[in-house]
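Peer 1: Quick one: the structure is below, questions incoming.
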Amino acid sequence: MPELFTTWITSPVWGELVSRMIPRAPAPGAGLAEPVGWRERLAWRRGDRKELVEQDLRSLVHQLALLATDEKPQWRFIAPEEGERAEDAVVTALLSLDAVDIDLALRADLDPGRLSELMREAAPDAADGLTDDRALALFTKLLDGACLHLVEHFTRLGEFGPRVAVETIRRVADLGRRLPDLDEKTRAYEARYRTAVAALYGKVRLYGLGLPFREQTYELATAYVNLSVRSGAPDRADGPEGLVPAREFDHRFEDLLAAHPRLLMEGPAGAGKTTLLQHLTLLVCKQSLPAQLDGWKELGVVPFLLRLRDHMSSDGLRLPSVEQFVEQDAAADDKPAAWVTGLLDAGRAVVFVDGLDEVPQEFRPQVMEWLERRLTRHPNARFVVTSRPGALSPFQREQLSAWGFVSSRLEPMNVGQVNDFIRRWHRTRRAEDGGETAEEQAEALIEALTARRDLSRLATNPLLCAMLCALGRLHNSVLPEGRTALYDQALTMLLEARDRERRIPSGELSLTRAQSEPFLSGIAMWMTLNGRRTIDHATALAKIERLLPRLRKIQTTPKAVLGFLRERSGLLQDPTTDSVEFRHPSLQDYLAAVEIFQEHNLDHLVRHADDPLYHDVLIMAVGQSQRDRTRQDRILRDLIARAEAAPSEDTAQTLWLLAAACVAEAEVVSEELARTITDRTERLIPPKNADDARRLAKAGPFVIDLVAEHARTHDLTEDEAAAIAETVLLTDVDASIPLLARLSRVAGGKVQEALSRGWFRSRFPEEYAREVLSGRQTVIKFPAPDSERSRLLRLLPGLRRLHLSGAGPADLSFVSDLVGLRTLLLLRARVSDVAPLTNLTRLEHLDLTGTQVNDLMPLANLTLLKQLNLTETRVSDLTPLTNLTRLEHLDLTGTQVNDLTPLTNLTCLKHLDLTGTQVNDLTPLTNLTCLRRLYLNRTESLDVSALAHLDALLIHQSSLLR
């Protein structure tokens, strides 16, 4: 764009138009004693003269528009009437000030961008009629370009040089008068600002549950948990396509802030976007920044948190000017002039723009225009923008990409983060309890998450975790027994109450839960009936269209309804560009159960009870039938009848177990039916061995709830714990990490071996390592090369046995921190350097069979070593083994060893294999009185007479001379 305007400035058309708009200046001079009438001749004012200027301006703006569409061909596709409105808006803005003269240019610091801002502030509604994003972008470019021309014109006036000199001297003099106490006053104000903002954002409020006021808020500094953020190109269609890619990887958000000055952070409802920005604001104000942001601390960065919803009113959206970034509650009264502007220009400000999705769609182009002005005017400032997925249009994503924003999205919380959040949240309540009640409630909730899959599947973000904490505390640590009641409260919060209490503007369409739920239930029902976890957009829209007549007094379209459900509910997301899925599959099952129960489709449900997609739907349908005992009994009796008539034992077992899960979900159920079901399933749970585990796993993931409840209420034997672990490994490892963590407390090699195998089936190896394997005496056997898990071994201080074998990497540096290791097996690993083993002074068993090792010096200090296997290595010198006096087993098969002298003092040695070596003298073994077995096969004929006194020695030989 600058090239366009530079060319246009020098054109004769521009010169002619400007000369007609602004009469020629008087003779060169400072113009300080201008005769009467000077201002009127240079002012754009009402009357005939202004009408003439307006005509000229329209011609100028139209010419600029033609040039602009040559530069960006996509603007040619703007509808003609929309393009005319964009040109009219530019003219309106240019005429908004009564006088446009050199005084105005100097007041704007000869900055075209600032001049453009002044005109926008004078005519804030100029572009309100523009509905097309491209037209709004064209308006911005045209107005900015026209202001550039005006500044250029003024610099060519004869009076420009003298006027600038006078203005400069005045400003320098004024600055000099204020300098003695400027820094001191600014620093004092900045300190007051930080204190005020820290107080303003020190607490978080939980909306949408109708809780008592004191239960709605909690201390942010105590309860906050660091969340994982994924940056780069998304793996879902709702991610930020087209934005500047960063490497796809999980980060702490602070890492991204340190590396990128402009970030877009997306996350669904309740993911913690606002809380994250509030927490960062708090850290910056208190100068308690993590190490990654030391550079911010050195600069003295100042935060400004702008919640866009706070700038909506009945009159529309009124976005703040730069100096209005300081809220009235945050020490705004005595703010130094241009303080915020100075911070932005110096790169000492970070601006958090929160909730682009919380602004109605028709106002989002206005936000993008406002953001572009800020970025252009203050290129050194840092900006973070947050939004829910799907709120940005493709064009808006293209804009952010052009402005250098890096995309990121908040990841679901893992088990460790959930447990940490629960403990921290309850810690904020300790002062109120005056005892350990809060801590007990926290541990009770964590225990419940371990036992109940419905809870652990729901607790994936800070909002839902806080909901569980608040409900548990409100009901004295007792959450609703079944997921039905829990999901009912979650839906009320997500679909209606939270946005209402946060005063989120409704936009073009606003639906209550009663209005939204039929659409969601209908979509969920279609997906279940068709055996799907996704639905294409066309089918979803058709389903919504059939249900639209239910909306009374609301005129809308299927597309608008689907957009509302995706953007505001937090329940739906787009796995691809043309399909929709539920963010929580369990909520799909719940809503499908609602629809099935209401539409009396129970027969269909029971007929498909052996289909895994219907399992959770059936369980929740029974839960929803609490108030209709007749229908509940019917479901259970029909299910029992199907089980008794099942064509195979596996199908029968699945149906009996499913009936048991239904009984567990219901708070009230027929005692007769419950006894019948229990009699048939009590021998199945818990499983006793691997065969039982395989049969149980065939039933489906719902059995995890049954075995988890048994594990919670019973003391398990090693065989039972190992069999339950096997069941989990065959169903859903990642959804069962809390259960596996409980099983890890059971001692026994079978359990530990199963848990070790589970690590290699998990999609979240770090979370699994921390929660299941960390702190236990663990055995790890790598089935294949895995560099990521190799690095994660540092998280396992209790690791005792590590088997890498051929799967091991060539670089063993990751092993150096495993100081508790007792056994290390590197059979045929691609290893030549064992220097990283130097620190493993507790090692007792080391197997280097088939490696490329030739230097044993790093093993010299491993004095606890009892077994060492060097078979088929390149070792020739045993000198480093001289002090390994506890060595009992040494295998040198196929090595180049020819001198056994270093073994002279290894008096504990019991087993020595010299098969295929170059040894020709056994004399050094004379004093090894504990030696019991000596292998000499394929060794050159040796004289063993020197060992004749070792009566207990058994020599395995091929051809020997005595």
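Note on naming: chains are A, B, ... as they come in the structure tokens, residues start from 1 per chain, ligands start from 1 in the order shown.
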May I have all residues of segment 822-938 of chain A that DSSP, computed from the backbone, assigns to helix (DSSP H, G or I), given as a list in words?
Peer 2: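 Going through segment 822-938 of chain A, the helix (DSSP H, G or I) residues come out as Ala835, Pro836, Leu837, Thr838, Asn839, Met857, Pro858, Leu859, Thr879, Pro880, Leu881, Thr901, Pro902, Leu903, Thr923, Pro924 and Leu925 of chain A.
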Peer 1: Which of segment 903-951 of chain A counts as strand (DSSP E or B) under DSSP, as a count of residues only please?
Peer 2: 7
Peer 1: Could you give me, as an mmCIF file with C-alpha atoms, in the first residue's frame, the residues within 8 Å of Asp589 of chain A, counting only C-alpha atoms and dropping anything in the same chain fewer than 6 positions from it?
Peer 2:
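Everything below was put into result-v9.cif:
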data_model
loop_
_atom_site.group_PDB
_atom_site.id
_atom_site.type_symbol
_atom_site.label_atom_id
_atom_site.label_comp_id
_atom_site.auth_asym_id
_atom_site.auth_seq_id
_atom_site.Cartn_x
_atom_site.Cartn_y
_atom_site.Cartn_z
ATOM 1 C CA ALA A 524 -26.821 -36.377 19.026
ATOM 2 C CA THR A 528 -26.117 -42.382 17.566
ATOM 3 C CA TYR A 614 -25.168 -47.415 22.565
ATOM 4 C CA ASP A 616 -23.328 -45.158 27.570
ATOM 5 C CA VAL A 617 -26.585 -43.974 25.980
ATOM 6 C CA MET A 620 -27.837 -42.711 30.983
#
Peer 1: So how many Å separate atom CA of Ser816 of chain A and atom CA of Gly850 of chain A, to one decimal?
Peer 2: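 It comes out at 21.1 Å.
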Peer 1: Please report the interatomic distance between atom CA of Ala349 of chain A and atom CA of Arg114 of chain A in Å with one decimal.
Peer 2: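 So the two atoms, atom CA of Ala349 of chain A and atom CA of Arg114 of chain A, lie 18.7 Å apart.
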Peer 1: As a list in words, please: the residues near Met857 of chain A (cut-off 9 Å, only C-alpha atoms, same-chain neighbours under 5 positions excluded).
Peer 2: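 The filter keeps Val834, Ala835, Thr838, Leu878, Thr879, Pro880 and Leu881 of chain A.
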